[in-house]
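Asker: So here's input_17.cif, just mmCIF, C-alpha atoms:
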```
data_input
loop_
_atom_site.label_atom_id
_atom_site.label_comp_id
_atom_site.auth_asym_id
_atom_site.auth_seq_id
_atom_site.Cartn_x
_atom_site.Cartn_y
_atom_site.Cartn_z
CA MET N 1 111.77 121.45 81.06
CA GLN N 2 110.32 118.65 78.95
CA PRO N 3 112.32 116.42 76.55
CA GLU N 4 110.66 118.13 73.56
CA ASP N 5 112.02 121.48 74.81
CA CYS N 6 115.52 120.17 74.03
CA LYS N 7 114.79 119.72 70.31
CA PRO N 8 115.86 123.24 69.19
CA TYR N 9 119.17 122.78 71.07
CA GLN N 10 119.67 119.35 69.48
CA ASP N 11 118.92 120.82 66.03
CA VAL N 12 121.58 123.50 66.56
CA ALA N 13 124.10 120.92 67.82
CA ASP N 14 123.43 118.59 64.85
CA ARG N 15 123.78 121.39 62.36
CA LEU N 16 127.00 122.77 63.87
CA THR N 17 128.59 119.34 64.16
CA LYS N 18 128.00 118.78 60.45
CA ASP N 19 129.34 122.25 59.58
CA GLN N 20 132.41 121.59 61.69
CA ASN N 21 132.94 118.19 60.03
CA VAL N 22 133.11 119.95 56.67
CA LEU N 23 135.77 122.31 58.05
CA ILE N 24 137.84 119.40 59.36
CA ALA N 25 137.43 117.49 56.08
CA TYR N 26 138.59 120.56 54.18
CA PHE N 27 141.80 120.92 56.20
CA ASP N 28 142.32 117.16 55.87
CA ALA N 29 142.03 117.50 52.11
CA LEU N 30 144.56 120.33 52.05
CA GLY N 31 146.97 118.18 54.04
CA ALA N 32 146.46 115.24 51.67
CA LEU N 33 146.97 117.39 48.60
CA ALA N 34 150.10 118.94 50.07
CA SER N 35 151.64 115.56 50.76
CA ASN N 36 150.43 114.16 47.43
CA THR N 37 148.68 111.28 49.16
CA PRO N 38 145.48 109.92 47.60
CA LEU N 39 142.52 112.05 48.50
CA SER N 40 139.59 110.16 49.92
CA TYR N 41 136.35 112.04 49.74
CA SER N 42 133.93 110.89 52.36
CA LYS N 43 130.40 110.40 51.10
CA THR N 44 129.25 111.39 54.58
CA ILE N 45 130.07 114.98 53.59
CA ASP N 46 127.43 114.79 50.84
CA THR N 47 124.96 113.39 53.35
CA SER N 48 125.90 116.06 55.86
CA VAL N 49 125.34 118.85 53.38
CA ALA N 50 121.99 117.39 52.29
CA THR N 51 120.94 117.12 55.93
CA ILE N 52 122.11 120.64 56.76
CA ALA N 53 119.84 122.02 54.05
CA LYS N 54 116.83 120.26 55.60
CA LEU N 55 117.40 121.44 59.18
CA PRO N 56 115.29 124.36 60.43
CA ASP N 57 116.85 127.81 60.25
CA LEU N 58 117.84 128.88 63.73
CA SER N 59 120.26 131.61 64.70
CA LYS N 60 121.89 133.85 62.12
CA ASN N 61 125.26 132.41 63.09
CA THR N 62 124.11 128.87 62.36
CA ILE N 63 122.72 129.99 58.99
CA VAL N 64 126.01 131.70 58.08
CA ALA N 65 127.96 128.64 59.24
CA SER N 66 125.84 126.27 57.18
CA THR N 67 125.95 128.39 54.03
CA ALA N 68 129.74 128.63 54.28
CA ALA N 69 130.04 124.90 55.02
CA GLN N 70 127.98 124.07 51.95
CA LYS N 71 130.31 126.20 49.79
CA ILE N 72 133.38 124.45 51.19
CA ALA N 73 131.75 121.03 50.75
CA GLY N 74 131.04 121.89 47.12
CA VAL N 75 134.72 122.65 46.56
CA LEU N 76 135.70 119.43 48.35
CA ALA N 77 133.49 117.37 46.05
CA ASP N 78 135.02 119.14 43.06
CA VAL N 79 138.54 118.47 44.32
CA ALA N 80 137.84 114.77 44.74
CA THR N 81 136.07 114.20 41.45
CA ARG N 82 138.58 116.07 39.31
CA SER N 83 141.63 114.54 41.00
CA TYR N 84 143.17 117.90 41.83
CA ARG N 85 146.81 117.97 42.67
CA GLU N 86 149.26 120.48 44.03
CA ARG N 87 149.12 122.87 41.07
CA LYS N 88 145.41 123.31 41.60
CA VAL N 89 145.59 123.76 45.34
CA ASN N 90 146.33 127.45 45.09
CA SER N 91 143.06 128.13 43.33
CA ILE N 92 141.17 126.10 45.94
CA ILE N 93 142.63 128.17 48.76
CA GLU N 94 141.77 131.42 47.04
CA LYS N 95 138.27 130.19 46.22
CA THR N 96 137.42 128.98 49.72
CA ASP N 97 139.07 131.62 51.91
CA GLU N 98 135.95 133.77 52.29
CA ALA N 99 133.83 130.74 53.23
CA VAL N 100 136.47 129.49 55.68
CA GLN N 101 136.61 132.93 57.33
CA GLN N 102 132.78 133.03 57.56
CA LEU N 103 132.50 129.49 58.91
CA THR N 104 135.20 129.86 61.56
CA THR N 105 133.75 133.22 62.71
CA ALA N 106 130.21 131.84 62.87
CA LEU N 107 131.27 128.69 64.76
CA LYS N 108 133.26 130.86 67.19
CA ASN N 109 130.29 133.19 67.76
CA VAL N 110 127.85 130.35 68.32
CA VAL N 111 130.11 128.78 70.93
CA THR N 112 131.56 131.84 72.67
CA THR N 113 128.32 133.89 72.75
CA ASP N 114 125.22 131.70 72.36
CA TYR N 115 126.53 128.54 73.99
CA MET N 116 128.32 130.53 76.71
CA GLY N 117 125.04 132.32 77.53
CA ILE N 118 123.25 129.00 77.83
CA VAL N 119 126.02 127.64 80.08
CA SER N 120 125.60 130.75 82.23
CA ASN N 121 121.86 130.02 82.50
CA GLU N 122 122.65 126.42 83.36
CA ALA N 123 125.00 127.63 86.10
CA ASP N 124 122.14 129.66 87.57
CA SER N 125 119.86 126.62 87.39
CA VAL N 126 122.48 124.60 89.28
CA ASP N 127 122.69 127.38 91.89
CA ALA N 128 118.90 127.34 92.23
CA TYR N 129 118.88 123.57 92.60
CA TYR N 130 121.51 123.42 95.34
CA LYS N 131 121.65 126.76 97.13
CA SER N 132 118.16 126.92 98.60
CA PRO N 133 118.21 123.42 100.17
CA MET N 134 121.70 124.20 101.52
CA ALA N 135 120.45 127.48 102.98
CA ALA N 136 117.47 125.71 104.57
CA ALA N 137 119.54 122.84 106.04
CA ARG N 138 119.33 122.51 109.82
CA GLY N 139 122.22 121.78 112.21
CA SER N 140 121.20 118.13 112.53
CA GLU N 141 121.69 117.68 108.77
CA ARG N 142 125.41 118.47 108.82
CA LEU N 143 126.63 115.31 107.10
CA ALA N 144 123.99 115.51 104.40
CA LEU N 145 124.93 119.16 103.88
CA ILE N 146 128.61 118.27 103.37
CA THR N 147 127.65 115.64 100.78
CA VAL N 148 125.41 118.09 98.92
CA GLN N 149 128.10 120.80 99.04
CA ARG N 150 130.59 118.41 97.46
CA GLN N 151 128.12 117.50 94.74
CA TYR N 152 127.45 121.21 94.14
CA HIS N 153 131.16 122.00 93.84
CA GLY N 154 131.58 119.06 91.43
CA ASP N 155 128.76 120.34 89.20
CA THR N 156 130.02 123.93 89.23
CA ALA N 157 133.55 122.72 88.43
CA GLY N 158 132.10 120.84 85.43
CA LEU N 159 130.43 124.03 84.23
CA GLU N 160 133.68 125.98 84.64
CA THR N 161 135.45 123.37 82.51
CA ARG N 162 132.81 123.80 79.79
CA ARG N 163 133.27 127.59 79.93
CA ALA N 164 137.05 127.19 79.58
CA VAL N 165 136.57 124.76 76.68
CA ALA N 166 134.26 127.23 74.93
CA VAL N 167 136.88 129.99 75.24
CA ALA N 168 139.55 127.63 73.90
CA TYR N 169 137.25 126.64 71.02
CA GLY N 170 136.96 130.30 70.04
CA GLN N 171 140.76 130.56 70.04
CA VAL N 172 141.07 127.47 67.86
CA MET N 173 138.61 128.93 65.35
CA ASP N 174 140.63 132.18 65.34
CA GLY N 175 143.72 130.06 64.75
CA LEU N 176 142.16 128.24 61.80
CA ALA N 177 140.96 131.50 60.24
CA SER N 178 144.37 133.09 60.64
CA LEU N 179 146.11 129.99 59.28
CA HIS N 180 143.96 129.96 56.16
CA GLY N 181 144.45 133.70 55.71
CA LYS N 182 148.20 133.14 55.91
CA LEU N 183 147.95 130.37 53.30
CA LYS N 184 146.05 132.65 50.97
CA LYS N 185 148.70 135.38 51.30
CA GLU N 186 151.47 132.88 50.54
CA VAL N 187 149.52 131.63 47.52
CA GLU N 188 149.17 135.20 46.25
CA LYS N 189 152.95 135.54 46.55
CA LYS N 190 153.20 132.43 44.33
CA ALA N 191 155.04 130.45 46.96
CA SER N 192 155.33 126.70 46.48
CA PHE N 193 152.39 125.00 48.18
CA ARG N 194 154.64 122.11 49.21
CA GLN N 195 156.90 124.57 51.03
CA ILE N 196 153.93 126.32 52.65
CA ALA N 197 152.45 122.98 53.66
CA GLN N 198 155.68 121.95 55.34
CA GLU N 199 155.62 125.15 57.36
CA ILE N 200 152.00 125.00 58.39
CA GLY N 201 151.51 121.22 58.48
CA PRO N 202 152.19 120.92 62.22
CA ASP N 203 149.76 123.79 62.91
CA ILE N 204 147.00 122.07 60.94
CA SER N 205 147.61 118.83 62.77
CA ASP N 206 147.58 120.57 66.18
CA LEU N 207 144.42 122.46 65.37
CA LYS N 208 142.64 119.30 64.24
CA ASP N 209 143.58 117.54 67.45
CA ALA N 210 142.42 120.54 69.46
CA ILE N 211 139.04 120.58 67.67
CA SER N 212 138.50 116.89 68.42
CA GLN N 213 139.34 117.40 72.09
CA LEU N 214 137.20 120.49 72.36
CA GLN N 215 134.27 118.81 70.62
CA ALA N 216 134.42 116.05 73.21
CA GLY N 217 134.64 118.63 76.01
CA LEU N 218 131.66 120.65 74.79
CA LYS N 219 129.26 117.69 74.98
CA MET O 1 109.88 143.08 58.17
CA PRO O 2 113.43 142.50 59.43
CA LYS O 3 114.34 139.86 61.97
CA LEU O 4 115.87 140.96 65.26
CA SER O 5 119.64 141.11 64.97
CA GLU O 6 122.05 138.78 66.72
CA ASP O 7 123.02 141.55 69.17
CA GLN O 8 119.39 142.46 69.90
CA LEU O 9 118.46 138.84 70.66
CA THR O 10 121.56 138.41 72.83
CA SER O 11 120.64 141.58 74.71
CA ILE O 12 117.08 140.30 75.32
CA ALA O 13 118.49 136.94 76.44
CA GLN O 14 120.74 138.75 78.93
CA GLN O 15 117.82 140.81 80.28
CA PHE O 16 115.76 137.70 81.08
CA HIS O 17 118.83 136.02 82.53
CA ASP O 18 119.43 138.99 84.85
CA LEU O 19 115.77 139.02 85.91
CA SER O 20 115.95 135.33 86.74
CA VAL O 21 119.10 135.92 88.80
CA SER O 22 117.33 138.71 90.76
CA ILE O 23 114.38 136.43 91.50
CA SER O 24 116.82 133.68 92.53
CA GLN O 25 118.60 136.01 94.95
CA PHE O 26 115.29 137.28 96.36
CA ARG O 27 114.11 133.69 96.91
CA LEU O 28 117.38 132.74 98.58
CA ASP O 29 117.18 135.79 100.88
CA ARG O 30 113.65 134.79 101.97
CA ILE O 31 114.88 131.25 102.70
CA HIS O 32 117.71 132.72 104.79
CA ASP O 33 115.03 134.75 106.59
CA GLY O 34 113.31 131.48 107.53
CA ALA O 35 110.78 130.81 104.75
CA PRO O 36 110.40 127.03 104.32
CA LEU O 37 111.22 125.42 100.96
CA SER O 38 107.66 124.09 100.80
CA ASP O 39 106.15 127.58 101.12
CA PRO O 40 103.88 127.96 98.04
CA GLY O 41 105.38 131.39 97.27
CA ILE O 42 108.94 130.02 97.46
CA VAL O 43 107.95 127.11 95.20
CA GLN O 44 106.33 129.50 92.72
CA LEU O 45 109.42 131.72 92.66
CA LEU O 46 111.55 128.70 91.76
CA GLY O 47 109.22 127.91 88.84
CA LEU O 48 109.39 131.52 87.63
CA GLN O 49 113.15 131.56 87.90
CA TRP O 50 113.52 128.38 85.81
CA SER O 51 110.99 129.59 83.31
CA LEU O 52 112.88 132.88 82.80
CA LEU O 53 116.19 131.00 82.43
CA ASN O 54 114.64 128.78 79.75
CA THR O 55 113.28 131.87 78.03
CA SER O 56 116.74 133.41 78.09
CA SER O 57 118.29 130.26 76.58
CA SER O 58 115.66 130.27 73.82
CA PHE O 59 116.68 133.79 72.89
CA TYR O 60 120.36 132.79 72.95
CA ILE O 61 119.80 130.07 70.35
CA GLN O 62 117.30 132.37 68.66
CA ALA O 63 114.72 129.64 68.30
CA ALA O 64 112.16 132.40 68.16
CA GLN O 65 113.30 133.98 64.86
CA VAL O 66 111.45 137.10 65.93
CA THR O 67 110.45 139.47 63.15
CA LEU O 68 109.60 143.02 64.13
CA ALA O 69 108.78 146.18 62.23
CA ASP O 70 110.80 148.32 64.64
CA GLY O 71 113.31 146.14 66.44
CA ASP O 72 115.31 148.98 68.01
CA SER O 73 112.25 150.52 69.62
CA ALA O 74 110.99 147.13 70.86
CA VAL O 75 114.36 146.20 72.35
CA SER O 76 114.70 149.55 74.15
CA GLN O 77 111.15 149.19 75.60
CA ILE O 78 111.87 145.61 76.71
CA THR O 79 115.22 146.63 78.24
CA ALA O 80 113.68 149.57 80.14
CA ALA O 81 110.85 147.40 81.50
CA THR O 82 113.08 144.52 82.59
CA ASN O 83 115.59 146.95 84.15
CA ASP O 84 112.74 148.48 86.18
CA ALA O 85 111.59 145.01 87.20
CA ASN O 86 115.12 144.11 88.29
CA ALA O 87 115.52 147.30 90.32
CA ALA O 88 112.14 146.75 92.01
CA ILE O 89 112.90 143.14 92.96
CA GLU O 90 116.18 144.20 94.58
CA LYS O 91 114.25 146.48 96.98
CA LEU O 92 111.21 144.29 97.66
CA LYS O 93 110.55 142.04 100.64
CA VAL O 94 107.07 140.76 99.75
CA ILE O 95 106.99 137.42 97.94
CA ASP O 96 103.62 137.95 96.22
CA LYS O 97 104.76 141.16 94.60
CA VAL O 98 107.91 139.56 93.18
CA ILE O 99 105.78 136.69 91.86
CA SER O 100 103.57 139.25 90.18
CA ILE O 101 106.56 140.98 88.53
CA GLY O 102 108.12 137.66 87.47
CA SER O 103 104.83 136.50 85.97
CA ALA O 104 104.47 139.76 84.05
CA ALA O 105 108.01 139.29 82.72
CA GLY O 106 107.06 135.78 81.59
CA ALA O 107 104.05 137.22 79.76
CA LEU O 108 106.33 139.80 78.14
CA ALA O 109 108.66 137.02 76.92
CA ALA O 110 105.70 135.20 75.36
CA ALA O 111 104.62 138.46 73.70
CA ILE O 112 108.13 138.95 72.22
CA MET O 113 107.98 135.45 70.72
CA THR O 114 104.80 136.39 68.83
CA GLY O 115 106.62 139.29 67.12
CA ASP O 116 103.48 141.40 67.46
CA MET O 117 104.35 144.98 68.50
CA ASP O 118 100.91 145.51 70.12
CA GLN O 119 101.34 142.42 72.27
CA ILE O 120 104.88 143.46 73.19
CA ALA O 121 103.63 146.93 74.18
CA ALA O 122 100.94 145.26 76.32
CA GLY O 123 103.58 142.98 77.85
CA VAL O 124 105.82 145.96 78.67
CA LYS O 125 102.83 147.76 80.21
CA GLY O 126 102.06 144.64 82.25
CA VAL O 127 105.59 144.67 83.73
CA TYR O 128 105.31 148.38 84.67
CA THR O 129 101.88 147.77 86.23
CA ALA O 130 103.25 144.88 88.31
CA VAL O 131 106.22 147.02 89.44
CA LYS O 132 103.99 149.94 90.49
CA ARG O 133 101.24 147.87 92.09
#
```
Take the structure I supplied and represent it as structure tokens, if you would.
Answerer:
Amino acid sequence: MQPEDCKPYQDVADRLTKDQNVLIAYFDALGALASNTPLSYSKTIDTSVATIAKLPDLSKNTIVASTAAQKIAGVLADVATRSYRERKVNSIIEKTDEAVQQLTTALKNVVTTDYMGIVSNEADSVDAYYKSPMAAARGSERLALITVQRQYHGDTAGLETRRAVAVAYGQVMDGLASLHGKLKKEVEKKASFRQIAQEIGPDISDLKDAISQLQAGLK
Amino acid sequence: MPKLSEDQLTSIAQQFHDLSVSISQFRLDRIHDGAPLSDPGIVQLLGLQWSLLNTSSSFYIQAAQVTLADGDSAVSQITAATNDANAAIEKLKVIDKVISIGSAAGALAAAIMTGDMDQIAAGVKGVYTAVKR
């Protein structure tokens, strides 16, 4: 494989990272609105959205994710420029729920299906790299064989960690989707957003931490 | 013309992955039988195996954006051909023949990327020919 062969994978990774940043920024904004703290709108979101639009179309999941992320980013910009406050939050949640559901589902699918398939291929490449020299090793190469076996086990353990992280990422995305769905239902029941925020605040915080950890683990 | 669906591309990716795994196992078995790592056939099998894995990964990220007039028919032809290739490799002992099947599968993958049904049909035929040879 040549370095230029990695470009499509890098394009996908760039696009998804930007989509995911929009999702995190959105939940951050909800948290800020709920606590009535000043909302800071990062200009990097604008840049991200502009860049997303210029990236090549790849899988259908990445297209769905990007379209949904652009919708959410549009709402975020609106929220920041019009100085929304609690009374307006309900309408934001109702307006963005479909896009949040689409984005979380698409991000989950990309990671748990596409990425997992690529990790599986990588695992087979690692097997090919190590197994044949190990099978061909002669008795006089015992110490070298032990060293190579340890290296092989280290690499396969790393791949297993990435698989586990991908599964956990899918669960986090399910969690975010369910959380937002729950918020929407509460909003429809006309519950106080402050009260809802107090109930779900810890969940949002946990999920954000989990995303950051998982993002680091998926690299 | 519609693009191949997510599920269809994932299925094609899995087919090429499975074929690569079969070639990998065949190569490993020959090494266990005493074939040296420097044997040209063994080296060629490794190249084919990596090439098919890369092909599979390309289909997973759907870099190909394949557009086909009749995706269902194409996918079922591709699946039948690669299943036959897999079954043949599991029974074979001759390196050259497995190289021939693996190369035909590589040509089929290239044909799929073009999105041209005639080329895909030729690629499928090429796999069957290699299996029966």
Asker: Show me, as a short mmCIF file (atom, residue, chain, number, x, y, z; two decimals) with C-alpha atoms, in the frame of the given file, every residue of chain O with an atom at most 10 Å from chain N, counting all atoms listed in the file.
Answerer:
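Now in out.cif:
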```
data_model
loop_
_atom_site.label_atom_id
_atom_site.label_comp_id
_atom_site.auth_asym_id
_atom_site.auth_seq_id
_atom_site.Cartn_x
_atom_site.Cartn_y
_atom_site.Cartn_z
CA LYS O 3 114.34 139.86 61.97
CA LEU O 4 115.87 140.96 65.26
CA SER O 5 119.64 141.11 64.97
CA GLU O 6 122.05 138.78 66.72
CA ASP O 7 123.02 141.55 69.17
CA LEU O 9 118.46 138.84 70.66
CA THR O 10 121.56 138.41 72.83
CA ALA O 13 118.49 136.94 76.44
CA GLN O 14 120.74 138.75 78.93
CA PHE O 16 115.76 137.70 81.08
CA HIS O 17 118.83 136.02 82.53
CA ASP O 18 119.43 138.99 84.85
CA SER O 20 115.95 135.33 86.74
CA VAL O 21 119.10 135.92 88.80
CA SER O 24 116.82 133.68 92.53
CA GLN O 25 118.60 136.01 94.95
CA ARG O 27 114.11 133.69 96.91
CA LEU O 28 117.38 132.74 98.58
CA ASP O 29 117.18 135.79 100.88
CA ARG O 30 113.65 134.79 101.97
CA ILE O 31 114.88 131.25 102.70
CA HIS O 32 117.71 132.72 104.79
CA ASP O 33 115.03 134.75 106.59
CA GLY O 34 113.31 131.48 107.53
CA ALA O 35 110.78 130.81 104.75
CA PRO O 36 110.40 127.03 104.32
CA LEU O 37 111.22 125.42 100.96
CA ILE O 42 108.94 130.02 97.46
CA LEU O 46 111.55 128.70 91.76
CA GLN O 49 113.15 131.56 87.90
CA TRP O 50 113.52 128.38 85.81
CA SER O 51 110.99 129.59 83.31
CA LEU O 52 112.88 132.88 82.80
CA LEU O 53 116.19 131.00 82.43
CA ASN O 54 114.64 128.78 79.75
CA THR O 55 113.28 131.87 78.03
CA SER O 56 116.74 133.41 78.09
CA SER O 57 118.29 130.26 76.58
CA SER O 58 115.66 130.27 73.82
CA PHE O 59 116.68 133.79 72.89
CA TYR O 60 120.36 132.79 72.95
CA ILE O 61 119.80 130.07 70.35
CA GLN O 62 117.30 132.37 68.66
CA ALA O 63 114.72 129.64 68.30
CA ALA O 64 112.16 132.40 68.16
CA GLN O 65 113.30 133.98 64.86
#
```
Asker: What does the distance from CA of Val43 in chain O to CA of Leu108 in chain O come to in Å, to one decimal?
Answerer: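 Atom-to-atom, CA of Val43 in chain O and CA of Leu108 in chain O are spaced 21.3 Å apart.
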Asker: Which residues match the PyMOL selection byres ((chain O and resi 105) around 10) in the file above, as a list of chain:residue names?
Answerer: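 With the shown file as input, the PyMOL selection byres ((chain O and resi 105) around 10) matches O:Phe16, O:Leu19, O:Ser20, O:Leu48, O:Leu52, O:Ile78, O:Ala81, O:Thr82, O:Ala85, O:Ile99, O:Ser100, O:Ile101, O:Gly102, O:Ser103, O:Ala104, O:Gly106, O:Ala107, O:Leu108, O:Ala109, O:Ala110, O:Ala111, O:Gly123, O:Val124, O:Gly126, O:Val127, O:Tyr128, O:Ala130.
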Asker: Write out as lines of an AutoDock Vina configuration file an axis-aligned box for range 171-178 of chain N: all of its atoms listed in the file, 6 Å added on each side, centre and edge lengths in Å with one decimal.
Answerer:
```
center_x = 141.5
center_y = 130.3
center_z = 65.1
size_x = 17.8
size_y = 17.6
size_z = 21.8
```
Asker: Would you work out the distance separating CA of Lys190 in chain N from CA of Ala32 in chain N, expressed in Å to one decimal?
Answerer: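 Going from CA of Lys190 in chain N over to CA of Ala32 in chain N covers 19.9 Å.
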Asker: Please, what distance in Å, to one decimal, runs between CA of Gln119 in chain O and CA of Thr67 in chain O?
Answerer: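 Interatomic distance, CA of Gln119 in chain O to CA of Thr67 in chain O: 13.2 Å.
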Asker: For Asp39 in chain O, which residue out of O:Ile23, O:Ile95, O:Ala87, O:Val75 is the nearest one, using all atoms listed in the file?
Answerer: O:Ile95
Asker: So what does the PyMOL selection byres ((chain N and resi 98) around 12) actually pick up in this one, as a PyMOL selection string?
Answerer: chain N and resi 64-65+67-69+71-72+92-97+99-105+177-178+180-181+184
